[in-house]
$ cat data05.cif   # mmCIF, C-alpha atoms and all ligand atoms
data_protein
loop_
_atom_site.label_atom_id
_atom_site.label_comp_id
_atom_site.auth_asym_id
_atom_site.auth_seq_id
_atom_site.Cartn_x
_atom_site.Cartn_y
_atom_site.Cartn_z
CA MET A 171 0.00 0.00 0.00
CA ASP A 172 1.80 3.11 -1.14
CA PHE A 173 1.62 6.60 0.21
CA ALA A 174 -0.25 8.06 -2.77
CA ASN A 175 -3.03 5.52 -2.29
CA ILE A 176 -3.44 6.43 1.37
CA VAL A 177 -3.62 10.14 0.57
CA PHE A 178 -6.15 9.49 -2.16
CA PHE A 179 -8.22 7.34 0.17
CA ILE A 180 -8.19 9.98 2.91
CA ILE A 181 -9.28 12.69 0.47
CA ILE A 182 -12.16 10.65 -0.89
CA ALA A 183 -13.33 9.27 2.43
CA PHE A 184 -12.91 12.26 4.73
CA VAL A 185 -11.87 15.55 3.18
CA VAL A 186 -14.51 15.71 0.47
CA PRO A 187 -17.50 14.94 2.77
CA LEU A 188 -16.07 17.32 5.39
CA PHE A 189 -15.77 20.05 2.79
CA ILE A 190 -19.40 19.52 1.72
CA VAL A 191 -20.61 19.65 5.33
CA ILE A 192 -18.67 22.83 6.11
CA GLN A 193 -19.89 24.51 2.93
CA GLY A 194 -23.48 23.54 3.75
CA PHE A 195 -23.12 24.91 7.26
CA TYR A 196 -21.90 28.30 6.01
CA LYS A 197 -24.68 28.48 3.47
CA TYR A 198 -27.21 27.69 6.19
CA LYS A 199 -25.75 30.37 8.46
CA LYS A 200 -25.81 32.91 5.67
CA GLU A 201 -29.42 32.09 4.79
CA LYS A 202 -30.42 32.35 8.42
CA LYS A 203 -28.83 35.75 8.67
CA SER A 204 -30.38 37.13 5.52
CA THR A 205 -33.93 36.28 6.54
CA ILE A 206 -33.78 38.78 9.39
CA THR A 207 -33.72 42.22 7.91
CA VAL A 208 -33.53 44.75 10.66
CA SER A 209 -33.64 48.34 9.63
CA LYS A 210 -30.72 50.37 10.84
CA ILE A 211 -32.80 53.51 11.15
CA ASN A 212 -33.95 53.96 14.66
CA HIS A 213 -37.30 55.53 15.29
CA PRO A 214 -37.94 55.88 19.00
CA ASN A 215 -41.39 57.33 18.44
CA LEU A 216 -42.67 54.43 16.37
CA HIS A 217 -43.62 52.28 19.32
CA LYS A 218 -45.46 55.22 20.87
CA LEU A 219 -47.19 56.08 17.59
CA LEU A 220 -48.40 52.53 16.98
CA THR A 221 -49.51 52.08 20.60
CA GLU A 222 -51.65 55.20 20.33
CA LYS A 223 -53.02 54.82 16.83
CA TYR A 224 -52.81 51.24 15.71
CA THR A 225 -55.15 48.73 17.37
CA TYR A 226 -53.61 45.66 15.70
CA TYR A 227 -50.18 46.52 17.13
CA ASN A 228 -51.53 46.50 20.69
CA LYS A 229 -52.72 42.93 20.29
CA LEU A 230 -49.21 41.64 19.58
CA SER A 231 -46.81 40.17 22.11
CA ASN A 232 -43.70 42.23 22.97
CA GLU A 233 -41.50 40.04 20.84
CA TYR A 234 -43.82 40.44 17.85
CA LYS A 235 -44.08 44.19 18.52
CA GLU A 236 -40.38 44.54 18.01
CA GLU A 237 -40.50 42.61 14.76
CA PHE A 238 -43.54 44.61 13.67
CA CYS A 239 -41.62 47.88 14.22
CA ASN A 240 -38.60 46.63 12.31
CA ARG A 241 -40.65 45.45 9.39
CA THR A 242 -42.68 48.67 9.35
CA LEU A 243 -39.46 50.70 9.20
CA ALA A 244 -38.01 48.50 6.49
CA PHE A 245 -41.17 48.94 4.41
CA ALA A 246 -41.25 52.72 4.97
CA ASN A 247 -37.61 53.02 3.90
CA HIS A 248 -37.97 50.77 0.90
CA PHE A 249 -40.86 52.64 -0.71
CA LYS A 250 -40.78 56.00 -2.47
CA TRP A 251 -43.41 58.34 -1.12
CA GLN A 252 -45.05 61.03 -3.23
CA SER A 253 -47.60 63.65 -2.48
CA GLY A 254 -50.54 63.66 -4.89
CA ASN A 255 -51.36 67.29 -4.21
CA GLU A 256 -49.79 69.94 -2.05
CA THR A 257 -49.99 67.97 1.21
CA GLU A 258 -46.71 67.33 2.92
CA ILE A 259 -46.07 63.67 3.66
CA THR A 260 -45.01 63.31 7.25
CA ASP A 261 -43.15 60.45 8.94
CA GLU A 262 -46.33 59.55 10.73
CA MET A 263 -48.17 59.09 7.42
CA ARG A 264 -45.39 56.95 6.01
CA LEU A 265 -45.24 54.79 9.09
CA LEU A 266 -48.97 54.23 9.51
CA VAL A 267 -49.37 53.20 5.87
CA SER A 268 -46.35 50.90 6.23
CA ALA A 269 -47.84 49.41 9.40
CA THR A 270 -50.93 48.48 7.38
CA ALA A 271 -48.80 46.62 4.84
CA ILE A 272 -47.10 44.75 7.67
CA GLN A 273 -50.42 43.93 9.39
CA LEU A 274 -51.58 42.32 6.17
CA THR A 275 -48.39 40.29 5.70
CA PHE A 276 -47.26 39.75 9.30
CA GLY A 277 -47.96 36.03 9.14
CA LEU A 278 -45.87 35.68 6.00
CA LYS A 279 -42.14 35.85 5.61
CA GLN A 280 -41.02 39.38 4.94
CA ILE A 281 -42.48 40.06 1.54
CA ASP A 282 -41.77 42.68 -1.07
CA PHE A 283 -44.67 44.21 -2.93
CA SER A 284 -42.77 44.46 -6.21
CA PRO A 285 -43.34 45.80 -8.83
CA PHE A 286 -44.89 48.43 -6.56
CA GLU A 287 -42.31 50.89 -5.29
CA THR A 288 -44.15 54.14 -4.96
CA ILE A 289 -47.02 55.17 -2.74
CA ILE A 290 -48.86 58.36 -3.62
CA ILE A 291 -50.88 60.05 -0.89
CA TYR A 292 -53.60 62.62 -1.53
CA SER A 293 -55.12 64.61 1.30
CA ASP A 294 -58.69 63.61 0.29
CA ALA A 295 -60.55 61.80 -2.49
CA TYR A 296 -58.99 62.76 -5.82
CA TYR A 297 -60.20 63.09 -9.38
CA ASN A 298 -59.03 60.39 -11.76
CA ASN A 299 -58.73 61.60 -15.36
CA LEU A 300 -59.16 58.13 -16.82
CA THR A 301 -62.31 57.09 -15.02
CA HIS A 302 -63.66 60.67 -14.64
CA LYS A 303 -64.55 59.86 -11.08
CA PHE A 304 -63.36 60.71 -7.59
CA HIS A 305 -61.34 57.92 -6.01
CA LYS A 306 -60.37 57.23 -2.42
CA GLY A 307 -57.61 54.88 -3.45
CA GLU A 308 -56.42 52.59 -6.19
CA VAL A 309 -53.57 50.38 -7.24
CA ASN A 310 -52.43 50.83 -10.82
CA ASN A 311 -49.30 50.22 -12.86
CA ARG A 312 -46.62 50.77 -10.26
CA TYR A 313 -48.44 53.01 -7.85
CA ILE A 314 -50.42 52.49 -4.72
CA ILE A 315 -52.60 55.56 -4.25
CA LEU A 316 -54.44 56.52 -1.07
CA SER A 317 -56.59 59.35 0.23
CA TRP A 318 -55.13 60.21 3.64
CA LYS A 319 -58.51 61.30 5.02
CA HIS A 320 -60.06 57.91 4.24
CA PHE A 321 -57.00 55.99 5.30
CA VAL A 322 -57.21 57.58 8.75
CA GLU A 323 -60.94 56.83 9.03
CA GLY A 324 -60.12 53.24 8.17
CA ILE A 325 -57.69 52.73 11.03
CA LYS A 326 -59.58 54.90 13.52
CA ILE A 327 -62.79 52.90 13.39
CA ASP A 328 -61.44 49.39 13.53
CA ASN A 329 -64.65 47.37 13.55
CA ASP A 330 -66.82 48.80 10.77
CA LYS A 331 -65.31 46.45 8.17
CA ILE A 332 -64.10 49.41 6.14
CA ASN A 333 -60.38 50.01 5.97
CA LEU A 334 -59.05 51.76 2.88
CA GLY A 335 -55.40 50.98 3.67
CA LEU A 336 -55.98 47.25 4.05
CA HIS A 337 -58.22 47.27 0.98
CA GLU A 338 -55.64 48.88 -1.33
CA LEU A 339 -52.68 46.98 0.09
CA ALA A 340 -54.61 43.75 -0.37
CA HIS A 341 -54.94 44.71 -4.06
CA ALA A 342 -51.20 45.39 -4.15
CA LEU A 343 -50.38 42.04 -2.54
CA ASP A 344 -52.75 40.23 -4.89
CA LEU A 345 -51.31 41.91 -8.02
CA SER A 346 -47.76 41.58 -6.79
CA THR A 347 -48.32 37.85 -6.49
CA VAL A 348 -49.69 37.64 -10.01
CA LEU A 349 -46.92 39.80 -11.48
CA SER A 350 -44.08 38.10 -9.63
CA LYS A 351 -43.53 35.62 -12.50
CA GLY A 352 -43.40 32.64 -10.22
CA ARG A 353 -41.31 34.11 -7.41
CA LYS A 354 -44.34 34.13 -5.13
CA PHE A 355 -45.49 30.82 -6.53
CA TYR A 356 -46.65 29.46 -3.21
CA LEU A 357 -48.74 32.49 -2.34
CA SER A 358 -50.25 32.61 -5.81
CA ARG A 359 -51.33 28.97 -5.45
CA LEU A 360 -53.14 29.82 -2.22
CA MET A 361 -54.70 32.85 -3.90
CA VAL A 362 -56.08 30.64 -6.66
CA HIS A 363 -57.35 28.24 -4.03
CA PHE A 364 -58.97 31.10 -2.13
CA ARG A 365 -60.78 32.27 -5.27
CA ASN A 366 -62.03 28.80 -5.97
CA ILE A 367 -63.27 28.22 -2.44
CA SER A 368 -65.06 31.58 -2.37
CA SER A 369 -66.60 31.47 -5.85
CA ASP A 370 -70.07 30.53 -4.53
CA GLU A 371 -70.16 33.47 -2.14
CA PHE A 372 -68.85 35.76 -4.88
CA MET A 373 -71.65 34.70 -7.25
CA LYS A 374 -74.16 35.19 -4.45
CA ILE A 375 -73.05 38.79 -3.91
CA ARG A 376 -72.96 39.37 -7.65
CA SER A 377 -76.54 38.26 -8.07
CA GLY A 378 -77.60 40.76 -5.40
CA MET A 379 -78.25 38.32 -2.58
CA PRO A 380 -77.38 39.43 0.96
CA SER A 381 -73.99 38.37 2.26
CA PHE A 382 -71.85 38.95 5.32
CA LEU A 383 -69.37 40.65 2.99
CA ARG A 384 -69.95 44.12 1.59
CA SER A 385 -71.69 44.11 -1.78
CA TYR A 386 -68.75 45.95 -3.37
CA GLY A 387 -66.93 42.61 -3.32
CA GLY A 388 -69.27 41.42 -6.07
CA ASN A 389 -67.66 43.75 -8.63
CA ASN A 390 -64.93 41.29 -9.48
CA LEU A 391 -62.74 38.69 -7.78
CA ARG A 392 -60.01 41.20 -6.96
CA GLU A 393 -62.49 43.41 -5.14
CA PHE A 394 -63.87 40.33 -3.42
CA PHE A 395 -60.43 39.56 -2.02
CA SER A 396 -59.80 43.11 -0.80
CA VAL A 397 -63.24 43.36 0.80
CA ALA A 398 -62.72 39.97 2.46
CA VAL A 399 -59.39 41.19 3.89
CA GLU A 400 -61.12 44.22 5.45
CA HIS A 401 -63.72 41.96 7.08
CA PHE A 402 -61.07 39.47 8.14
CA PHE A 403 -59.24 42.01 10.28
CA GLU A 404 -62.12 44.23 11.37
CA ALA A 405 -64.74 41.57 12.15
CA PRO A 406 -62.96 38.23 12.46
CA LEU A 407 -65.42 36.59 14.85
CA PRO A 408 -68.59 37.13 12.79
CA PHE A 409 -66.60 36.31 9.62
CA LYS A 410 -65.64 32.97 11.13
CA LYS A 411 -69.21 32.38 12.26
CA PHE A 412 -70.98 33.25 9.01
CA LEU A 413 -68.44 32.15 6.41
CA PRO A 414 -66.26 29.56 8.18
CA VAL A 415 -64.81 27.97 5.03
CA ILE A 416 -63.75 31.28 3.50
CA TYR A 417 -62.47 32.47 6.87
CA ASP A 418 -60.30 29.36 7.27
CA GLU A 419 -58.99 29.82 3.78
CA MET A 420 -58.00 33.39 4.57
CA CYS A 421 -56.23 32.16 7.73
CA LEU A 422 -54.18 29.76 5.66
CA LEU A 423 -53.45 32.35 3.01
CA LEU A 424 -52.26 35.07 5.40
CA ASN A 425 -51.02 32.63 8.04
CA GLN A 426 -52.82 34.38 10.86
CA ASP A 427 -56.11 33.97 12.64
CA PRO A 428 -57.32 37.20 14.27
CA ALA A 429 -60.49 35.52 15.64
CA SER A 430 -58.26 33.35 17.84
CA ASN A 431 -55.78 36.18 18.50
CA ILE A 432 -53.12 34.37 16.51
CA TYR A 433 -51.06 36.74 14.40
CA ARG A 434 -48.43 34.33 13.21
CA GLY A 435 -49.23 30.78 12.20
CA VAL A 436 -52.60 29.15 12.60
CA GLU A 437 -54.02 26.96 15.31
CA ALA A 438 -52.96 23.55 14.13
CA ASN A 439 -55.83 21.47 15.51
CA ARG A 440 -58.50 23.27 13.59
CA PHE A 441 -57.00 22.61 10.16
CA TYR A 442 -55.08 19.51 10.89
CA LYS A 443 -57.64 16.82 10.33
CA GLN A 444 -55.59 13.69 10.55
CA ASN A 445 -52.40 12.61 12.20
CA ASN A 446 -49.47 12.87 9.82
CA ASN A 447 -47.10 11.11 12.18
CA LEU A 448 -47.76 7.58 11.16
CA SER A 449 -45.04 4.99 11.30
CA ILE A 450 -44.07 3.34 8.06
CA ASN A 451 -44.68 -0.01 9.77
CA ASP A 452 -48.28 0.97 10.51
CA ILE A 453 -49.22 0.66 6.89
CA ALA A 454 -46.40 -1.43 5.49
CA LYS A 455 -48.50 -4.55 5.93
CA THR A 456 -51.47 -3.26 3.97
CA LYS A 457 -51.47 -3.92 0.27
CA PRO A 458 -50.03 -0.88 -1.49
CA LEU A 459 -52.61 0.76 -3.77
CA VAL A 460 -50.06 2.08 -6.18
CA LYS A 461 -46.76 1.23 -7.78
CA SER A 462 -43.60 3.24 -7.42
CA ASN A 463 -41.92 4.60 -10.44
CA ILE A 464 -39.08 2.24 -11.35
CA SER A 465 -36.48 5.01 -11.55
CA PHE A 466 -37.41 6.20 -8.10
CA ALA A 467 -37.69 2.79 -6.50
CA ILE A 468 -34.63 1.09 -7.95
CA ILE A 469 -32.47 3.20 -10.24
CA ILE A 470 -31.99 6.18 -7.87
CA PRO A 471 -31.12 3.99 -4.84
CA PHE A 472 -28.78 1.95 -7.04
CA ILE A 473 -26.92 5.01 -8.31
CA SER A 474 -26.81 6.44 -4.78
CA ALA A 475 -25.45 3.15 -3.44
CA THR A 476 -22.80 3.11 -6.15
CA PHE A 477 -21.80 6.64 -5.29
CA LEU A 478 -21.56 5.71 -1.61
CA ALA A 479 -19.65 2.58 -2.53
CA ILE A 480 -16.67 4.50 -3.92
CA PRO A 481 -14.94 4.98 -0.53
CA VAL A 482 -15.90 1.42 0.47
CA TYR A 483 -14.46 0.15 -2.80
CA LEU A 484 -11.23 2.11 -2.33
CA PHE A 485 -10.97 1.14 1.31
CA THR A 486 -11.54 -2.53 0.59
CA MET A 487 -9.07 -2.46 -2.29
CA THR A 488 -6.41 -0.78 -0.15
CA ILE A 489 -6.84 -3.10 2.82
CA LEU A 490 -6.98 -6.22 0.68
CA SER A 491 -3.91 -5.36 -1.31
CA ALA A 492 -1.98 -4.18 1.76
CA PHE A 493 -2.51 -7.18 4.01
CA PHE A 494 -3.45 -10.00 1.71
CA ASN A 495 -2.64 -11.03 -1.72
CA PHE A 496 -5.45 -9.27 -3.53
CA THR A 497 -8.15 -11.62 -4.76
CA LEU A 498 -11.36 -10.74 -6.50
CA ILE A 499 -13.76 -13.01 -4.54
CA PRO A 500 -13.59 -11.39 -1.07
CA PHE A 501 -13.71 -8.03 -2.76
CA ILE A 502 -16.94 -8.87 -4.60
CA ILE A 503 -18.45 -10.29 -1.41
CA ILE A 504 -17.74 -7.12 0.58
CA ILE A 505 -19.16 -4.88 -2.16
CA ALA A 506 -22.22 -7.13 -2.51
CA ILE A 507 -22.90 -6.99 1.23
CA PHE A 508 -22.63 -3.25 1.07
CA TYR A 509 -25.12 -3.01 -1.84
CA TRP A 510 -27.51 -5.35 -0.09
CA PHE A 511 -27.38 -3.25 3.06
CA VAL A 512 -27.99 0.04 1.26
CA LEU A 513 -30.65 -1.23 -1.13
CA LYS A 514 -32.52 -3.21 1.53
CA ASN A 515 -33.64 0.01 3.18
CA ASN A 516 -34.24 1.92 0.03
CA ILE A 517 -35.83 -0.29 -2.51
CA ARG A 518 -39.42 0.33 -1.51
CA LYS A 519 -39.99 3.89 -0.79
CA ILE A 520 -43.55 4.72 -1.35
CA LEU A 521 -46.49 3.36 0.51
CA ILE A 522 -50.04 4.39 0.18
CA ASP A 523 -53.23 3.26 1.83
CA LYS A 524 -56.73 4.69 1.89
CA ASN A 525 -55.70 7.46 4.27
CA HIS A 526 -52.03 8.15 3.81
CA ILE A 527 -49.22 8.65 1.38
CA ILE A 528 -45.79 7.84 2.79
CA ILE A 529 -42.70 8.82 0.89
CA LYS A 530 -39.31 7.70 2.03
CA GLN A 531 -36.46 9.64 0.48
CA PRO A 532 -33.64 7.58 -1.04
CA LEU A 533 -30.85 6.92 1.46
CA SER A 534 -32.64 8.68 4.30
CA SER A 535 -32.48 6.96 7.64
CA ILE A 536 -35.03 4.26 8.32
CA ASN A 537 -37.28 6.52 10.40
CA LYS A 538 -37.22 9.53 8.14
CA TYR A 539 -40.01 9.92 5.65
CA THR A 540 -42.78 12.25 4.60
CA THR A 541 -46.24 11.16 5.61
CA ILE A 542 -49.17 12.97 4.08
CA ALA A 543 -52.59 12.22 5.48
CA ILE A 544 -55.06 12.43 2.59
CA LYS A 545 -57.48 14.45 4.74
CA ASN A 546 -54.82 17.13 5.24
CA ILE A 547 -54.41 17.73 1.53
CA LEU A 548 -55.73 21.12 0.51
CA TYR A 549 -55.51 20.50 -3.19
CA ALA A 550 -53.60 18.65 -5.84
CA ASP A 551 -52.41 20.23 -9.02
CA PHE A 552 -51.83 17.97 -12.02
CA ARG A 553 -49.87 19.89 -14.61
CA VAL A 554 -48.69 18.58 -17.90
CA ASN A 555 -47.16 20.59 -20.69
CA ASN A 556 -44.57 20.08 -23.42
CA THR A 557 -41.55 20.30 -21.19
CA TYR A 558 -42.58 18.92 -17.86
CA GLU A 559 -45.09 17.00 -15.85
CA LYS A 560 -45.76 17.79 -12.22
CA VAL A 561 -48.17 16.68 -9.56
CA ASP A 562 -48.06 19.14 -6.71
CA ILE A 563 -49.74 18.12 -3.50
CA THR A 564 -50.35 21.00 -1.10
CA TYR A 565 -51.10 19.85 2.40
CA ILE A 566 -51.20 20.99 6.00
CA ASP A 567 -48.49 19.66 8.23
CA LYS A 568 -48.98 20.91 11.77
CA SER A 569 -49.39 24.66 11.35
CA GLU A 570 -47.46 24.79 8.12
CA ILE A 571 -48.59 24.44 4.54
CA LYS A 572 -46.25 22.43 2.38
CA THR A 573 -46.15 21.55 -1.28
CA LYS A 574 -44.59 18.41 -2.63
CA ASP A 575 -44.21 17.24 -6.19
CA ILE A 576 -45.05 13.54 -6.15
CA LYS A 577 -44.86 12.91 -9.88
CA MET A 578 -41.41 11.33 -9.78
CA TYR A 579 -42.46 8.65 -7.32
CA PHE A 580 -45.22 6.96 -9.27
CA THR A 581 -46.03 5.23 -12.49
CA LYS A 582 -48.60 6.84 -14.79
CA SER A 583 -51.37 4.41 -13.92
CA SER A 584 -50.68 4.90 -10.23
CA LEU A 585 -51.14 8.62 -10.64
CA ILE A 586 -54.60 7.94 -12.06
CA THR A 587 -55.37 5.78 -9.01
CA ILE A 588 -54.23 8.60 -6.74
CA LYS A 589 -56.38 11.09 -8.59
CA LYS A 590 -59.43 8.86 -8.13
CA MET A 591 -58.59 8.43 -4.47
CA LEU A 592 -58.33 12.19 -3.95
CA LEU A 593 -61.65 12.77 -5.68
CA GLN A 594 -63.29 10.15 -3.48
CA ASN A 595 -61.99 12.06 -0.48
CA GLU A 596 -63.42 15.29 -1.94
CA ILE A 597 -60.00 16.86 -2.33
CA LEU A 598 -59.86 19.75 -4.73
CA ILE A 599 -58.05 18.84 -7.92
CA ARG A 600 -56.78 21.05 -10.67
CA GLN A 601 -55.87 19.66 -14.02
CA ASN A 602 -54.56 21.77 -16.90
CA ASN A 603 -55.73 24.86 -15.04
CA ILE A 604 -59.26 23.62 -14.53
CA TRP A 605 -60.51 22.79 -11.07
CA SER A 606 -62.22 19.49 -11.44
CA LYS A 607 -63.84 19.18 -8.06
CA LYS A 608 -65.22 21.80 -5.77
CA GLN A 609 -64.84 21.14 -2.12
CA SER A 610 -68.18 20.36 -0.63
CA LYS A 611 -69.26 21.71 2.76
ZN ZN B 1 -60.74 47.92 -4.62
#

$ encode --input "data05.cif" --output "structure tokens"
Amino acid sequence: MDFANIVFFIIIAFVVPLFIVIQGFYKYKKEKKSTITVSKINHPNLHKLLTEKYTYYNKLSNEYKEEFCNRTLAFANHFKWQSGNETEITDEMRLLVSATAIQLTFGLKQIDFSPFETIIIYSDAYYNNLTHKFHKGEVNNRYIILSWKHFVEGIKIDNDKINLGLHELAHALDLSTVLSKGRKFYLSRLMVHFRNISSDEFMKIRSGMPSFLRSYGGNNLREFFSVAVEHFFEAPLPFKKFLPVIYDEMCLLLNQDPASNIYRGVEANRFYKQNNNLSINDIAKTKPLVKSNISFAIIIPFISATFLAIPVYLFTMTILSAFFNFTLIPFIIIIAIFYWFVLKNNIRKILIDKNHIIIKQPLSSINKYTTIAIKNILYADFRVNNTYEKVDITYIDKSEIKTKDIKMYFTKSSLITIKKMLLQNEILIRQNNIWSKKQSK
């Protein structure tokens, strides 16, 4: 066994994995750092201002208050502020409008409202040359426009279900999601889901029937969303009582639940219909309803095992040639045992019964897998086009909403079985942009 071999072996077996781990650790640290954006600008009066004038702020815990202030400042500094007429825009105006944007998105990760960068404030309702009407606010092209007088009325009376700031910023969030070209993919999926869930109520308002929501929401689906946001924050309890399905959907979308005084995350138990934490052994004995895709079940584990086998191969070779007269038979036996060991735990990775889908990632430890209870699936999106095929399953896992592409795990006919199974469970399905099943309830 010569020196060069030992060095080579050490590099392959230790240095390379160590390098990967260290690199991953730094990347993780960097990511962690960049998610917390704390504005450098200090504003000692902000806490006082929000305590006096912003009801929502007073409901937050101290820890959340601090984050709320930081995010409000970051928003205020990020945006350009313009006066629509002669009114001077004060710090207080900037900060209160920013606070409204943060109230709306507090449950979400810090979000930019791009392409919107400029907020124009008029002192009162203003004349719009295009519509030939007086407006209190609007969101167009790249501008968010507000009448200060009506904005103040909106935050002053916090239970009349009218809040101009929330209304216009909800439009901005909605449009920003649409215009983000996929960057806010996750949010846009929930928006689509929200529209679908609320289509009955929307049609009801449109046809002039009485609804808990203001009739203005019947104008179009964008207005419906903005009006619903106003009701969500200003009258959460009656909203939940009269329109529970739409209310729940709004909770999931904004990741807060004002009726339960939860401003970050949602109360898990209410949405979480079935236990996700099922052991793989619990259903391993039942007959699987579907077949795994061959590449996922065998080819990927085989390639992974081969990749892992390189150090074993080198190690075995080195030891065998150093201490014994190298022979092929023991070498093959050692490698075979290794393959058997790796493949044994990885060959069957997908299990499905009437209530659960269990996916075990290749080469993950024996107890690590994704379990999705069918009842916790919000919707499934079957998308096929020229370049790709995807089956996204969006489901609730504790208080989080997750999306997983399951296409790679199954054969084509199994995907059809899954689709049938989801429909039987009344799960909303979208295929080629058409929702095929409306959730009953
Ligand atoms: Zn509107």

$ closest_atom_pairs --input "data05.cif" --of "chain A" --to "ligand ZN 1 (chain B)" --cutoff "12 Å" --atoms "all atoms listed in the file" --output "tab-separated table"
residue	atom	partner	partner_atom	distance
A:His305	CA	B:ZN1	ZN	10.1
A:Lys306	CA	B:ZN1	ZN	9.6
A:Gly307	CA	B:ZN1	ZN	7.7
A:Glu308	CA	B:ZN1	ZN	6.6
A:Val309	CA	B:ZN1	ZN	8.0
A:Asn310	CA	B:ZN1	ZN	10.8
A:Ile314	CA	B:ZN1	ZN	11.3
A:Ile315	CA	B:ZN1	ZN	11.2
A:Leu316	CA	B:ZN1	ZN	11.2
A:Ile332	CA	B:ZN1	ZN	11.4
A:Asn333	CA	B:ZN1	ZN	10.8
A:Leu334	CA	B:ZN1	ZN	8.6
A:Gly335	CA	B:ZN1	ZN	10.3
A:Leu336	CA	B:ZN1	ZN	9.9
A:His337	CA	B:ZN1	ZN	6.2
A:Glu338	CA	B:ZN1	ZN	6.1
A:Leu339	CA	B:ZN1	ZN	9.4
A:Ala340	CA	B:ZN1	ZN	8.5
A:His341	CA	B:ZN1	ZN	6.7
A:Ala342	CA	B:ZN1	ZN	9.9
A:Asp344	CA	B:ZN1	ZN	11.1
A:Leu345	CA	B:ZN1	ZN	11.7
A:Arg384	CA	B:ZN1	ZN	11.7
A:Ser385	CA	B:ZN1	ZN	11.9
A:Tyr386	CA	B:ZN1	ZN	8.3
A:Gly387	CA	B:ZN1	ZN	8.3
A:Gly388	CA	B:ZN1	ZN	10.8
A:Asn389	CA	B:ZN1	ZN	9.0
A:Asn390	CA	B:ZN1	ZN	9.2
A:Leu391	CA	B:ZN1	ZN	10.0
A:Arg392	CA	B:ZN1	ZN	7.2
A:Glu393	CA	B:ZN1	ZN	4.9
A:Phe394	CA	B:ZN1	ZN	8.3
A:Phe395	CA	B:ZN1	ZN	8.8
A:Ser396	CA	B:ZN1	ZN	6.2
A:Val397	CA	B:ZN1	ZN	7.5
A:Ala398	CA	B:ZN1	ZN	10.8
A:Val399	CA	B:ZN1	ZN	10.9
A:Glu400	CA	B:ZN1	ZN	10.7

$ closest_residue --input "data05.cif" --among "A:Cys239, A:Leu188, A:Leu349, A:Ile547" --to "A:Phe441" --atoms "only C-alpha atoms"
A:Ile547

$ closest_atom_pairs --input "data05.cif" --of "stretch 527-606 of chain A" --to "stretch 419-437 of chain A" --cutoff "10 Å" --atoms "only C-alpha atoms" --output "JSON lines"
{"residue": "A:Leu548", "atom": "CA", "partner": "A:Glu419", "partner_atom": "CA", "distance": 9.8}
{"residue": "A:Ile566", "atom": "CA", "partner": "A:Leu422", "partner_atom": "CA", "distance": 9.3}
{"residue": "A:Lys568", "atom": "CA", "partner": "A:Glu437", "partner_atom": "CA", "distance": 8.6}
{"residue": "A:Ser569", "atom": "CA", "partner": "A:Val436", "partner_atom": "CA", "distance": 5.7}
{"residue": "A:Glu570", "atom": "CA", "partner": "A:Gly435", "partner_atom": "CA", "distance": 7.5}
{"residue": "A:Ile571", "atom": "CA", "partner": "A:Leu422", "partner_atom": "CA", "distance": 7.8}

$ atom_distance --input "data05.cif" --atom1 "atom CA of A:Asn299" --atom2 "atom CA of A:Ser346"
24.4 Å

$ atom_distance --input "data05.cif" --atom1 "atom CA of A:Tyr226" --atom2 "atom CA of A:Leu243"
16.4 Å

$ closest_residue --input "data05.cif" --among "A:Phe472, A:Phe238, A:Phe195, A:Phe304" --to "A:Lys279" --atoms "only C-alpha atoms"
A:Phe238

$ residues_around --input "data05.cif" --residues "A:Ile272" --least-positions-apart "6" --cutoff "8 Å" --atoms "only C-alpha atoms" --output "number ranges by chain"
A: 238, 241-242, 245

$ atom_distance --input "data05.cif" --atom1 "atom CA of A:Glu596" --atom2 "atom CA of A:Phe382"
26.1 Å

$ closest_atom_pairs --input "data05.cif" --of "stretch 275-350 of chain A" --to "stretch 262-266 of chain A" --cutoff "9 Å" --atoms "all atoms listed in the file" --output "Markdown table"
| residue | atom | partner | partner_atom | distance |
| --- | --- | --- | --- | --- |
| A:Ile291 | CA | A:Met263 | CA | 8.8 |
| A:Trp318 | CA | A:Met263 | CA | 8.0 |
| A:Val322 | CA | A:Leu266 | CA | 8.9 |
| A:Ile325 | CA | A:Leu266 | CA | 9.0 |

$ closest_atom_pairs --input "data05.cif" --of "stretch 241-341 of chain A" --to "stretch 405-412 of chain A" --cutoff "8 Å" --atoms "only C-alpha atoms" --output "Markdown table"
| residue | atom | partner | partner_atom | distance |
| --- | --- | --- | --- | --- |
| A:Asn329 | CA | A:Ala405 | CA | 6.0 |
| A:Asp330 | CA | A:Ala405 | CA | 7.6 |
| A:Lys331 | CA | A:Ala405 | CA | 6.3 |

$ closest_residue --input "data05.cif" --among "A:Gln601, A:Asn525, A:Gln594, A:Thr488" --to "A:Ala550" --atoms "all atoms listed in the file"
A:Gln601
